[in-house]
Amino acid sequence: MTPKERIAELRRQISYHNDRYYNQDNPEITDYEYDLLMQELKKLEGENPSLLTPDSPTQKVGGSAKRTAGVLVRHNVPMLSLQDVFSKEEVFDFVEQMQQQLDNPEFVVEYKIDGLSVALRYENGSLVLAETRGDGIQFGEDVTANVKVIRDVKEQLENAPEYLEVRGEVYMENAAFEKVNETQELLGKKTFANPRNCAAGTLRQLDVSVTKERGLSLFVFKIQDVRGMEFVTHTDGYAYLKSKGIKVIDNYKVCHSAKEVWDAICEIGESRGSLGYDIDGAVVKINHLKEREKLGATSKVPRWAVAYKYPPEEKETKLLQIELSVGRTGRITPTAIFEPVRLCGTTVSRATLHNQDFIDELDIGIGDTIIVYKSGEIIPKVKRVKKEKRPSDWEKFVIPSVCPACGAPTEREGENADIRCTSPSCPAQLERHIINFVSRDAMDMKGFGTVYIEELVRMGYIKNVADIFLLKEHREALIEQGVIGKEKNTDKLLGTIEKAKNNDAYKLLTGLGIPNVGKAAAKAIMNHFKTMEKLEHATVEELTAVNDIGEISAECIHSFFADERNRQMLKRLREYGVNMEAEQTDTVSSVISGKTIVITGTLPTMGRKEAAELVEQHGAKVSGSVSKKTDYLLAGENAGSKLTKAQELGVTVISEEELRRMLKRGKEHAN
């Protein structure tokens, strides 16, 4: 491959990964792997200057500004990137260059937080705007509403200058990240890959309450602009910001020599494992602000600062065992347990092996000698196996076909790499099943929150969903122990549970948590079989006769009702008086009978649930996703990606008003 061809290929790869990182908040490679690509491109462009173009990734800052969380705003001050360095020699070269150009310069060495960069503008002490970096030069996104709910952000500053603009990093502490992923898992939603992705996605949320709930944090690391006062040094600015209650970077060091700078970088590197958040390097910057002005910047980076990226630390160790754990969604996660080693200042002895595909790719088994590492992150990973040291009795590890928590069969769904336990009675995933069972789309037990569920499971009151309907027998104990609250709250929830017994049977079927059986499928199934008893005895062939129930879904349903534990649970529900029959509802023949409709956005006078009930009463089927089989997209405000897909597929888009006109015309025609 010629240099020109390789440069073109590298630019394509880097542009793709830039989009994944900056715009989609979903990177596919590690920072270290990305840095290697960028280093190679810079080297080739340096050796072939005639091939350097203005649109090269080496000449750009960040990604593009998006309109997800707010309107685009123009930067008052460019939000540039930093020049990366990767070795002690490069750090010493930078210090030497600064010393040649400046008279006894001071350097500040500080953490490089792994988050999302934002600028905050204050006018006369009031926070008036918060913006993301966006393209770094011209535009960012207005995220003011979301930034205001971050606990570290000061909305008002006393005795403040006329104008103050600061730049900081929005990030997520590891404890907050774990809590968010636990909640995502409980709700059956996709988990986030790392804290940075989670922070970036959260800051761009349209719903401010979600941002507040997830507990973002913010460090300020620079005064961008100020009018009405002056600062001599960067650290003077930090002292002022701290006096105003603004949170700045922790434990920064002022240095005067290359050795002091390098020692500070090493000290930060050794502390990485003990921090409560992720860092992806150390920043070295000139302290005096006038000297920064003198040095200036390129179109992409300031000349007065560099970011040192730590190399991935690797150690050799022995794999002792592979531990299997069952998450709240039933996903089985294998974890490597190995002889303890020191990495990035901490002792580690465990690393996730993700799934069977990852195990197969590593070709790993008990007794293997493995290489573990940390690539600028606090989480250890298994890199590879040293097969030349493999024991003679070695066997590749295979996740068993039964659940390690309850012994029920496991299954791998379609192309998904995850293996899951199939039993809704599995104790390891009980909380998630209860949450699904009481949810709005299922048994709709309003007020039965996650906190109550966790406590009732912990105290042994609930061991499967049938136990919910026995809680009334423990009323006095529940009130005495304050599990749900005082008498009024307890009786209110018990009343809600009692009322739920009369729900249409499709709600019960939805709540059972059978794989591939959501609300729409449950409705179609119960409309076909009418009673839970008939459904229990249905064959796979009879199940696939139901519209939109494929073979995989049919197998899941058949397997569920074939399990003796599930049959016993249903027997108890029947004994407790839970309705097992579908309601006999008459649908109105209309122009949308037999049509498939997707509902999206905010409708003028109806909620989505109300709209779904309306179209179903007129014989239409409601689907959750747009496809070629969709007949109409009922769209309100903020319709989003479903509207885009419908337009691409040529699906007819209608408003609430148009839907009502269609139904009215159909009724008049029928009369």
# chains A, B, ... in the order shown; residues from 1 in each chain; ligands from 1
call {"tool": "closest_atom_pairs", "arguments": {"of": "stretch 590-652 of chain A", "to": "stretch 430-443 of chain A", "cutoff": "12 Å", "atoms": "only C-alpha atoms", "output": "JSON lines"}}
result
{"residue": "A:Arg608", "atom": "CA", "partner": "A:Asp441", "partner_atom": "CA", "distance": 11.8}
{"residue": "A:Lys609", "atom": "CA", "partner": "A:Asp441", "partner_atom": "CA", "distance": 9.2}
{"residue": "A:Ala612", "atom": "CA", "partner": "A:Asp441", "partner_atom": "CA", "distance": 11.8}
call {"tool": "select_by_dssp", "arguments": {"residues": "stretch 96-270 of chain A", "states": "strand (DSSP E or B)", "output": "PDB file with N, CA and C atoms, in the first residue's frame"}}
result
ATOM      1  N   PHE A 107       4.845  25.230  35.215  1.00  0.00           N
ATOM      2  CA  PHE A 107       3.934  24.267  34.598  1.00  0.00           C
ATOM      3  C   PHE A 107       2.927  23.782  35.637  1.00  0.00           C
ATOM      4  N   VAL A 108       1.691  23.579  35.193  1.00  0.00           N
ATOM      5  CA  VAL A 108       0.686  22.950  36.050  1.00  0.00           C
ATOM      6  C   VAL A 108       0.388  21.571  35.475  1.00  0.00           C
ATOM      7  N   VAL A 109       0.462  20.554  36.336  1.00  0.00           N
ATOM      8  CA  VAL A 109       0.149  19.178  35.924  1.00  0.00           C
ATOM      9  C   VAL A 109      -1.125  18.760  36.653  1.00  0.00           C
ATOM     10  N   GLU A 110      -2.117  18.293  35.890  1.00  0.00           N
ATOM     11  CA  GLU A 110      -3.405  17.957  36.504  1.00  0.00           C
ATOM     12  C   GLU A 110      -4.063  16.789  35.780  1.00  0.00           C
ATOM     13  N   TYR A 111      -5.084  16.231  36.412  1.00  0.00           N
ATOM     14  CA  TYR A 111      -5.825  15.110  35.824  1.00  0.00           C
ATOM     15  C   TYR A 111      -6.476  15.518  34.505  1.00  0.00           C
ATOM     16  N   LYS A 112      -6.525  14.572  33.573  1.00  0.00           N
ATOM     17  CA  LYS A 112      -7.341  14.737  32.360  1.00  0.00           C
ATOM     18  C   LYS A 112      -8.573  13.850  32.530  1.00  0.00           C
ATOM     19  N   ILE A 113      -9.675  14.482  32.898  1.00  0.00           N
ATOM     20  CA  ILE A 113     -10.899  13.745  33.194  1.00  0.00           C
ATOM     21  C   ILE A 113     -11.497  13.168  31.906  1.00  0.00           C
ATOM     22  N   LEU A 116     -17.175  14.745  29.045  1.00  0.00           N
ATOM     23  CA  LEU A 116     -17.652  15.557  27.928  1.00  0.00           C
ATOM     24  C   LEU A 116     -17.393  17.023  28.251  1.00  0.00           C
ATOM     25  N   SER A 117     -16.690  17.716  27.365  1.00  0.00           N
ATOM     26  CA  SER A 117     -16.292  19.096  27.620  1.00  0.00           C
ATOM     27  C   SER A 117     -17.463  20.058  27.438  1.00  0.00           C
ATOM     28  N   VAL A 118     -17.592  21.007  28.381  1.00  0.00           N
ATOM     29  CA  VAL A 118     -18.643  22.022  28.300  1.00  0.00           C
ATOM     30  C   VAL A 118     -18.074  23.386  28.684  1.00  0.00           C
ATOM     31  N   ALA A 119     -18.708  24.439  28.195  1.00  0.00           N
ATOM     32  CA  ALA A 119     -18.380  25.803  28.610  1.00  0.00           C
ATOM     33  C   ALA A 119     -19.599  26.392  29.304  1.00  0.00           C
ATOM     34  N   LEU A 120     -19.370  27.108  30.411  1.00  0.00           N
ATOM     35  CA  LEU A 120     -20.440  27.743  31.176  1.00  0.00           C
ATOM     36  C   LEU A 120     -20.237  29.250  31.146  1.00  0.00           C
ATOM     37  N   ARG A 121     -21.272  29.984  30.756  1.00  0.00           N
ATOM     38  CA  ARG A 121     -21.188  31.443  30.689  1.00  0.00           C
ATOM     39  C   ARG A 121     -22.005  32.067  31.828  1.00  0.00           C
ATOM     40  N   TYR A 122     -21.345  32.956  32.586  1.00  0.00           N
ATOM     41  CA  TYR A 122     -22.007  33.691  33.669  1.00  0.00           C
ATOM     42  C   TYR A 122     -22.034  35.176  33.321  1.00  0.00           C
ATOM     43  N   GLU A 123     -23.187  35.786  33.483  1.00  0.00           N
ATOM     44  CA  GLU A 123     -23.312  37.237  33.310  1.00  0.00           C
ATOM     45  C   GLU A 123     -23.779  37.842  34.629  1.00  0.00           C
ATOM     46  N   SER A 126     -24.859  35.263  37.139  1.00  0.00           N
ATOM     47  CA  SER A 126     -25.927  34.304  36.824  1.00  0.00           C
ATOM     48  C   SER A 126     -25.511  33.405  35.664  1.00  0.00           C
ATOM     49  N   LEU A 127     -25.710  32.106  35.827  1.00  0.00           N
ATOM     50  CA  LEU A 127     -25.436  31.163  34.752  1.00  0.00           C
ATOM     51  C   LEU A 127     -26.488  31.345  33.659  1.00  0.00           C
ATOM     52  N   VAL A 128     -26.054  31.778  32.484  1.00  0.00           N
ATOM     53  CA  VAL A 128     -27.004  32.071  31.405  1.00  0.00           C
ATOM     54  C   VAL A 128     -26.942  31.056  30.274  1.00  0.00           C
ATOM     55  N   LEU A 129     -25.823  30.319  30.157  1.00  0.00           N
ATOM     56  CA  LEU A 129     -25.708  29.365  29.055  1.00  0.00           C
ATOM     57  C   LEU A 129     -24.654  28.304  29.387  1.00  0.00           C
ATOM     58  N   ALA A 130     -24.965  27.077  29.000  1.00  0.00           N
ATOM     59  CA  ALA A 130     -23.984  25.987  29.037  1.00  0.00           C
ATOM     60  C   ALA A 130     -23.999  25.333  27.664  1.00  0.00           C
ATOM     61  N   GLU A 131     -22.825  25.090  27.103  1.00  0.00           N
ATOM     62  CA  GLU A 131     -22.736  24.540  25.745  1.00  0.00           C
ATOM     63  C   GLU A 131     -21.702  23.426  25.680  1.00  0.00           C
ATOM     64  N   THR A 132     -21.942  22.468  24.799  1.00  0.00           N
ATOM     65  CA  THR A 132     -20.971  21.406  24.564  1.00  0.00           C
ATOM     66  C   THR A 132     -19.890  21.895  23.595  1.00  0.00           C
ATOM     67  N   PHE A 139     -19.550  25.982  16.573  1.00  0.00           N
ATOM     68  CA  PHE A 139     -20.828  25.727  17.223  1.00  0.00           C
ATOM     69  C   PHE A 139     -20.758  24.598  18.245  1.00  0.00           C
ATOM     70  N   GLY A 140     -21.586  24.732  19.281  1.00  0.00           N
ATOM     71  CA  GLY A 140     -21.832  23.674  20.250  1.00  0.00           C
ATOM     72  C   GLY A 140     -23.332  23.565  20.466  1.00  0.00           C
ATOM     73  N   GLU A 141     -23.751  22.682  21.366  1.00  0.00           N
ATOM     74  CA  GLU A 141     -25.168  22.519  21.671  1.00  0.00           C
ATOM     75  C   GLU A 141     -25.498  23.221  22.984  1.00  0.00           C
ATOM     76  N   ASP A 142     -26.646  23.821  23.034  1.00  0.00           N
ATOM     77  CA  ASP A 142     -27.140  24.436  24.265  1.00  0.00           C
ATOM     78  C   ASP A 142     -27.667  23.332  25.184  1.00  0.00           C
ATOM     79  N   GLN A 156     -25.551  30.656  40.653  1.00  0.00           N
ATOM     80  CA  GLN A 156     -25.363  32.050  41.049  1.00  0.00           C
ATOM     81  C   GLN A 156     -24.013  32.224  41.734  1.00  0.00           C
ATOM     82  N   TYR A 163     -18.668  39.409  33.224  1.00  0.00           N
ATOM     83  CA  TYR A 163     -18.780  38.225  32.386  1.00  0.00           C
ATOM     84  C   TYR A 163     -17.689  37.236  32.767  1.00  0.00           C
ATOM     85  N   LEU A 164     -18.076  35.982  32.910  1.00  0.00           N
ATOM     86  CA  LEU A 164     -17.121  34.918  33.226  1.00  0.00           C
ATOM     87  C   LEU A 164     -17.518  33.679  32.435  1.00  0.00           C
ATOM     88  N   GLU A 165     -16.561  33.139  31.679  1.00  0.00           N
ATOM     89  CA  GLU A 165     -16.803  31.893  30.958  1.00  0.00           C
ATOM     90  C   GLU A 165     -15.758  30.877  31.394  1.00  0.00           C
ATOM     91  N   VAL A 166     -16.227  29.733  31.872  1.00  0.00           N
ATOM     92  CA  VAL A 166     -15.315  28.679  32.324  1.00  0.00           C
ATOM     93  C   VAL A 166     -15.547  27.431  31.488  1.00  0.00           C
ATOM     94  N   ARG A 167     -14.514  26.623  31.402  1.00  0.00           N
ATOM     95  CA  ARG A 167     -14.629  25.352  30.680  1.00  0.00           C
ATOM     96  C   ARG A 167     -14.381  24.215  31.656  1.00  0.00           C
ATOM     97  N   GLY A 168     -15.204  23.192  31.557  1.00  0.00           N
ATOM     98  CA  GLY A 168     -15.072  22.057  32.454  1.00  0.00           C
ATOM     99  C   GLY A 168     -15.370  20.754  31.764  1.00  0.00           C
ATOM    100  N   GLU A 169     -15.362  19.712  32.538  1.00  0.00           N
ATOM    101  CA  GLU A 169     -15.618  18.372  32.016  1.00  0.00           C
ATOM    102  C   GLU A 169     -16.766  17.745  32.805  1.00  0.00           C
ATOM    103  N   VAL A 170     -17.842  17.416  32.102  1.00  0.00           N
ATOM    104  CA  VAL A 170     -18.943  16.685  32.720  1.00  0.00           C
ATOM    105  C   VAL A 170     -18.571  15.200  32.678  1.00  0.00           C
ATOM    106  N   TYR A 171     -18.663  14.555  33.818  1.00  0.00           N
ATOM    107  CA  TYR A 171     -18.262  13.146  33.892  1.00  0.00           C
ATOM    108  C   TYR A 171     -19.199  12.416  34.846  1.00  0.00           C
ATOM    109  N   SER A 217     -21.443  14.665  37.366  1.00  0.00           N
ATOM    110  CA  SER A 217     -20.523  15.531  38.109  1.00  0.00           C
ATOM    111  C   SER A 217     -19.808  16.455  37.131  1.00  0.00           C
ATOM    112  N   LEU A 218     -19.143  17.492  37.658  1.00  0.00           N
ATOM    113  CA  LEU A 218     -18.416  18.424  36.793  1.00  0.00           C
ATOM    114  C   LEU A 218     -17.194  18.984  37.501  1.00  0.00           C
ATOM    115  N   PHE A 219     -16.068  18.984  36.814  1.00  0.00           N
ATOM    116  CA  PHE A 219     -14.852  19.694  37.229  1.00  0.00           C
ATOM    117  C   PHE A 219     -14.626  20.854  36.262  1.00  0.00           C
ATOM    118  N   VAL A 220     -14.265  22.007  36.757  1.00  0.00           N
ATOM    119  CA  VAL A 220     -13.846  23.124  35.895  1.00  0.00           C
ATOM    120  C   VAL A 220     -12.320  23.101  35.812  1.00  0.00           C
ATOM    121  N   PHE A 221     -11.785  23.246  34.598  1.00  0.00           N
ATOM    122  CA  PHE A 221     -10.333  23.189  34.443  1.00  0.00           C
ATOM    123  C   PHE A 221      -9.732  24.410  33.731  1.00  0.00           C
ATOM    124  N   LYS A 222     -10.582  25.424  33.441  1.00  0.00           N
ATOM    125  CA  LYS A 222     -10.019  26.579  32.742  1.00  0.00           C
ATOM    126  C   LYS A 222     -10.989  27.758  32.781  1.00  0.00           C
ATOM    127  N   ILE A 223     -10.449  28.962  32.968  1.00  0.00           N
ATOM    128  CA  ILE A 223     -11.226  30.178  32.743  1.00  0.00           C
ATOM    129  C   ILE A 223     -11.034  30.560  31.283  1.00  0.00           C
ATOM    130  N   GLN A 224     -12.120  30.487  30.510  1.00  0.00           N
ATOM    131  CA  GLN A 224     -12.056  30.761  29.080  1.00  0.00           C
ATOM    132  C   GLN A 224     -11.941  32.266  28.800  1.00  0.00           C
ATOM    133  N   ASP A 225     -12.750  33.039  29.545  1.00  0.00           N
ATOM    134  CA  ASP A 225     -12.819  34.480  29.282  1.00  0.00           C
ATOM    135  C   ASP A 225     -13.367  35.157  30.533  1.00  0.00           C
ATOM    136  N   VAL A 226     -12.941  36.386  30.779  1.00  0.00           N
ATOM    137  CA  VAL A 226     -13.447  37.138  31.925  1.00  0.00           C
ATOM    138  C   VAL A 226     -13.401  38.625  31.593  1.00  0.00           C
ATOM    139  N   ARG A 227     -14.446  39.342  32.025  1.00  0.00           N
ATOM    140  CA  ARG A 227     -14.469  40.798  31.880  1.00  0.00           C
ATOM    141  C   ARG A 227     -14.844  41.407  33.225  1.00  0.00           C
ATOM    142  N   THR A 233      -2.185  34.048  36.749  1.00  0.00           N
ATOM    143  CA  THR A 233      -1.864  32.648  36.456  1.00  0.00           C
ATOM    144  C   THR A 233      -3.115  31.787  36.430  1.00  0.00           C
ATOM    145  N   VAL A 248     -13.124  22.661  41.042  1.00  0.00           N
ATOM    146  CA  VAL A 248     -12.052  22.611  40.043  1.00  0.00           C
ATOM    147  C   VAL A 248     -11.319  21.271  40.156  1.00  0.00           C
ATOM    148  N   LYS A 253      -0.615  20.109  40.454  1.00  0.00           N
ATOM    149  CA  LYS A 253       0.738  20.386  40.941  1.00  0.00           C
ATOM    150  C   LYS A 253       1.376  21.487  40.089  1.00  0.00           C
ATOM    151  N   VAL A 254       2.079  22.405  40.743  1.00  0.00           N
ATOM    152  CA  VAL A 254       2.863  23.433  40.050  1.00  0.00           C
ATOM    153  C   VAL A 254       4.311  22.956  40.001  1.00  0.00           C
ATOM    154  N   CYS A 255       4.901  22.918  38.804  1.00  0.00           N
ATOM    155  CA  CYS A 255       6.243  22.364  38.610  1.00  0.00           C
ATOM    156  C   CYS A 255       7.129  23.380  37.877  1.00  0.00           C
TER     157      CYS A 255
END
call {"tool": "closest_residue", "arguments": {"among": "A:Leu216, A:Val382, A:Leu494, A:Leu663", "to": "A:Val147", "atoms": "only C-alpha atoms"}}
result
A:Leu216
call {"tool": "atom_distance", "arguments": {"atom1": "atom CA of A:Lys318", "atom2": "atom CA of A:Ala336"}}
result
9.9 Å
call {"tool": "residues_around", "arguments": {"residues": "stretch 388-404 of chain A", "least_positions_apart": "2", "cutoff": "10 Å", "atoms": "only C-alpha atoms", "output": "VMD selection string"}}
result
chain A and resid 318 321 to 326 330 to 334 355 to 357 359 to 360 362 to 370 385 to 386 406 to 412 419 to 423 426 428
call {"tool": "select_by_dssp", "arguments": {"residues": "stretch 494-665 of chain A", "states": "alpha helix (DSSP H)", "output": "VMD selection string"}}
result
chain A and resid 494 to 500 505 to 511 519 to 529 532 to 536 540 to 544 551 to 562 564 to 575 608 to 617 641 to 649 656 to 665
call {"tool": "closest_residue", "arguments": {"among": "A:Ser655, A:Ser590, A:Asn146, A:Ser641", "to": "A:Met606", "atoms": "only C-alpha atoms"}}
result
A:Ser655
call {"tool": "atom_distance", "arguments": {"atom1": "atom CA of A:Val341", "atom2": "atom CA of A:Leu275"}}
result
18.5 Å
call {"tool": "atom_distance", "arguments": {"atom1": "atom CA of A:Arg665", "atom2": "atom CA of A:Glu610"}}
result
20.4 Å
call {"tool": "closest_residue", "arguments": {"among": "A:Glu313, A:Glu656, A:Glu45, A:Glu498", "to": "A:Tyr632", "atoms": "only C-alpha atoms"}}
result
A:Glu656
call {"tool": "residues_around", "arguments": {"residues": "A:Cys198", "least_positions_apart": "5", "cutoff": "8 Å", "atoms": "only C-alpha atoms", "output": "NGL selection string"}}
result
:A and (25 or 172 or 177 or 192-193)
call {"tool": "closest_residue", "arguments": {"among": "A:Gly650, A:Thr335, A:Trp304, A:Leu241", "to": "A:Val153", "atoms": "only C-alpha atoms"}}
result
A:Leu241
call {"tool": "closest_residue", "arguments": {"among": "A:Arg574, A:Lys383, A:Arg20, A:Lys309", "to": "A:Asn197", "atoms": "only C-alpha atoms"}}
result
A:Arg20
call {"tool": "closest_residue", "arguments": {"among": "A:Gly273, A:Lys259, A:Ile552, A:Tyr506", "to": "A:Leu535", "atoms": "only C-alpha atoms"}}
result
A:Tyr506
call {"tool": "residues_around", "arguments": {"residues": "A:Met569", "least_positions_apart": "2", "cutoff": "9 Å", "atoms": "only C-alpha atoms", "output": "list in words"}}
result
Ser425, Asn464, Val465, Ala466, Glu564, Arg565, Asn566, Arg567, Lys571, Arg572, Leu573 and Arg574 of chain A
call {"tool": "write_last_selection", "arguments": {"atoms": "N, CA, C and O atoms", "output": "PDB file, in the first residue's frame"}}
result
ATOM      1  N   SER A 425     -38.627 -17.620  37.625  1.00  0.00           N
ATOM      2  CA  SER A 425     -38.555 -17.851  39.065  1.00  0.00           C
ATOM      3  C   SER A 425     -37.119 -17.873  39.571  1.00  0.00           C
ATOM      4  O   SER A 425     -36.886 -18.110  40.751  1.00  0.00           O
ATOM      5  N   ASN A 464     -41.718 -15.308  44.222  1.00  0.00           N
ATOM      6  CA  ASN A 464     -42.088 -15.250  42.813  1.00  0.00           C
ATOM      7  C   ASN A 464     -43.322 -14.368  42.687  1.00  0.00           C
ATOM      8  O   ASN A 464     -43.852 -13.894  43.703  1.00  0.00           O
ATOM      9  N   VAL A 465     -43.788 -14.113  41.479  1.00  0.00           N
ATOM     10  CA  VAL A 465     -44.837 -13.106  41.288  1.00  0.00           C
ATOM     11  C   VAL A 465     -46.132 -13.453  42.011  1.00  0.00           C
ATOM     12  O   VAL A 465     -46.888 -12.568  42.413  1.00  0.00           O
ATOM     13  N   ALA A 466     -46.389 -14.750  42.211  1.00  0.00           N
ATOM     14  CA  ALA A 466     -47.625 -15.136  42.893  1.00  0.00           C
ATOM     15  C   ALA A 466     -47.656 -14.623  44.329  1.00  0.00           C
ATOM     16  O   ALA A 466     -48.732 -14.340  44.878  1.00  0.00           O
ATOM     17  N   GLU A 564     -42.519 -26.996  35.024  1.00  0.00           N
ATOM     18  CA  GLU A 564     -43.389 -27.307  36.159  1.00  0.00           C
ATOM     19  C   GLU A 564     -43.471 -26.159  37.159  1.00  0.00           C
ATOM     20  O   GLU A 564     -44.534 -25.889  37.742  1.00  0.00           O
ATOM     21  N   ARG A 565     -42.346 -25.440  37.372  1.00  0.00           N
ATOM     22  CA  ARG A 565     -42.361 -24.315  38.317  1.00  0.00           C
ATOM     23  C   ARG A 565     -43.307 -23.213  37.848  1.00  0.00           C
ATOM     24  O   ARG A 565     -44.012 -22.591  38.650  1.00  0.00           O
ATOM     25  N   ASN A 566     -43.330 -22.971  36.565  1.00  0.00           N
ATOM     26  CA  ASN A 566     -44.235 -21.948  36.031  1.00  0.00           C
ATOM     27  C   ASN A 566     -45.696 -22.386  36.128  1.00  0.00           C
ATOM     28  O   ASN A 566     -46.584 -21.571  36.411  1.00  0.00           O
ATOM     29  N   ARG A 567     -45.941 -23.687  35.899  1.00  0.00           N
ATOM     30  CA  ARG A 567     -47.313 -24.191  36.016  1.00  0.00           C
ATOM     31  C   ARG A 567     -47.821 -24.059  37.452  1.00  0.00           C
ATOM     32  O   ARG A 567     -48.980 -23.701  37.691  1.00  0.00           O
ATOM     33  N   LYS A 571     -50.944 -21.850  38.794  1.00  0.00           N
ATOM     34  CA  LYS A 571     -51.976 -22.489  39.608  1.00  0.00           C
ATOM     35  C   LYS A 571     -52.273 -21.645  40.841  1.00  0.00           C
ATOM     36  O   LYS A 571     -53.437 -21.430  41.207  1.00  0.00           O
ATOM     37  N   ARG A 572     -51.209 -21.130  41.475  1.00  0.00           N
ATOM     38  CA  ARG A 572     -51.394 -20.270  42.637  1.00  0.00           C
ATOM     39  C   ARG A 572     -52.119 -18.977  42.253  1.00  0.00           C
ATOM     40  O   ARG A 572     -53.024 -18.534  42.958  1.00  0.00           O
ATOM     41  N   LEU A 573     -51.730 -18.361  41.135  1.00  0.00           N
ATOM     42  CA  LEU A 573     -52.379 -17.128  40.694  1.00  0.00           C
ATOM     43  C   LEU A 573     -53.874 -17.354  40.466  1.00  0.00           C
ATOM     44  O   LEU A 573     -54.707 -16.518  40.817  1.00  0.00           O
ATOM     45  N   ARG A 574     -54.208 -18.516  39.902  1.00  0.00           N
ATOM     46  CA  ARG A 574     -55.615 -18.854  39.655  1.00  0.00           C
ATOM     47  C   ARG A 574     -56.360 -19.007  40.986  1.00  0.00           C
ATOM     48  O   ARG A 574     -57.488 -18.516  41.144  1.00  0.00           O
TER      49      ARG A 574
END
call {"tool": "residues_around", "arguments": {"residues": "stretch 451-463 of chain A", "least_positions_apart": "5", "cutoff": "7 Å", "atoms": "only C-alpha atoms", "output": "PDB file with N, CA, C and O atoms, in the first residue's frame"}}
result
ATOM      1  N   GLU A 431     -36.041  -9.693  41.151  1.00  0.00           N
ATOM      2  CA  GLU A 431     -36.440  -8.288  41.243  1.00  0.00           C
ATOM      3  C   GLU A 431     -36.865  -7.744  39.888  1.00  0.00           C
ATOM      4  O   GLU A 431     -37.859  -7.033  39.774  1.00  0.00           O
ATOM      5  N   ILE A 468     -46.984 -11.823  45.417  1.00  0.00           N
ATOM      6  CA  ILE A 468     -47.498 -10.448  45.492  1.00  0.00           C
ATOM      7  C   ILE A 468     -48.928 -10.452  46.033  1.00  0.00           C
ATOM      8  O   ILE A 468     -49.309  -9.599  46.841  1.00  0.00           O
ATOM      9  N   VAL A 483     -42.199  -1.459  55.886  1.00  0.00           N
ATOM     10  CA  VAL A 483     -41.634  -1.844  54.590  1.00  0.00           C
ATOM     11  C   VAL A 483     -42.179  -0.953  53.478  1.00  0.00           C
ATOM     12  O   VAL A 483     -41.446  -0.483  52.605  1.00  0.00           O
ATOM     13  N   ILE A 484     -43.492  -0.722  53.490  1.00  0.00           N
ATOM     14  CA  ILE A 484     -44.132   0.105  52.464  1.00  0.00           C
ATOM     15  C   ILE A 484     -44.434   1.496  53.008  1.00  0.00           C
ATOM     16  O   ILE A 484     -44.607   2.450  52.259  1.00  0.00           O
TER      17      ILE A 484
END
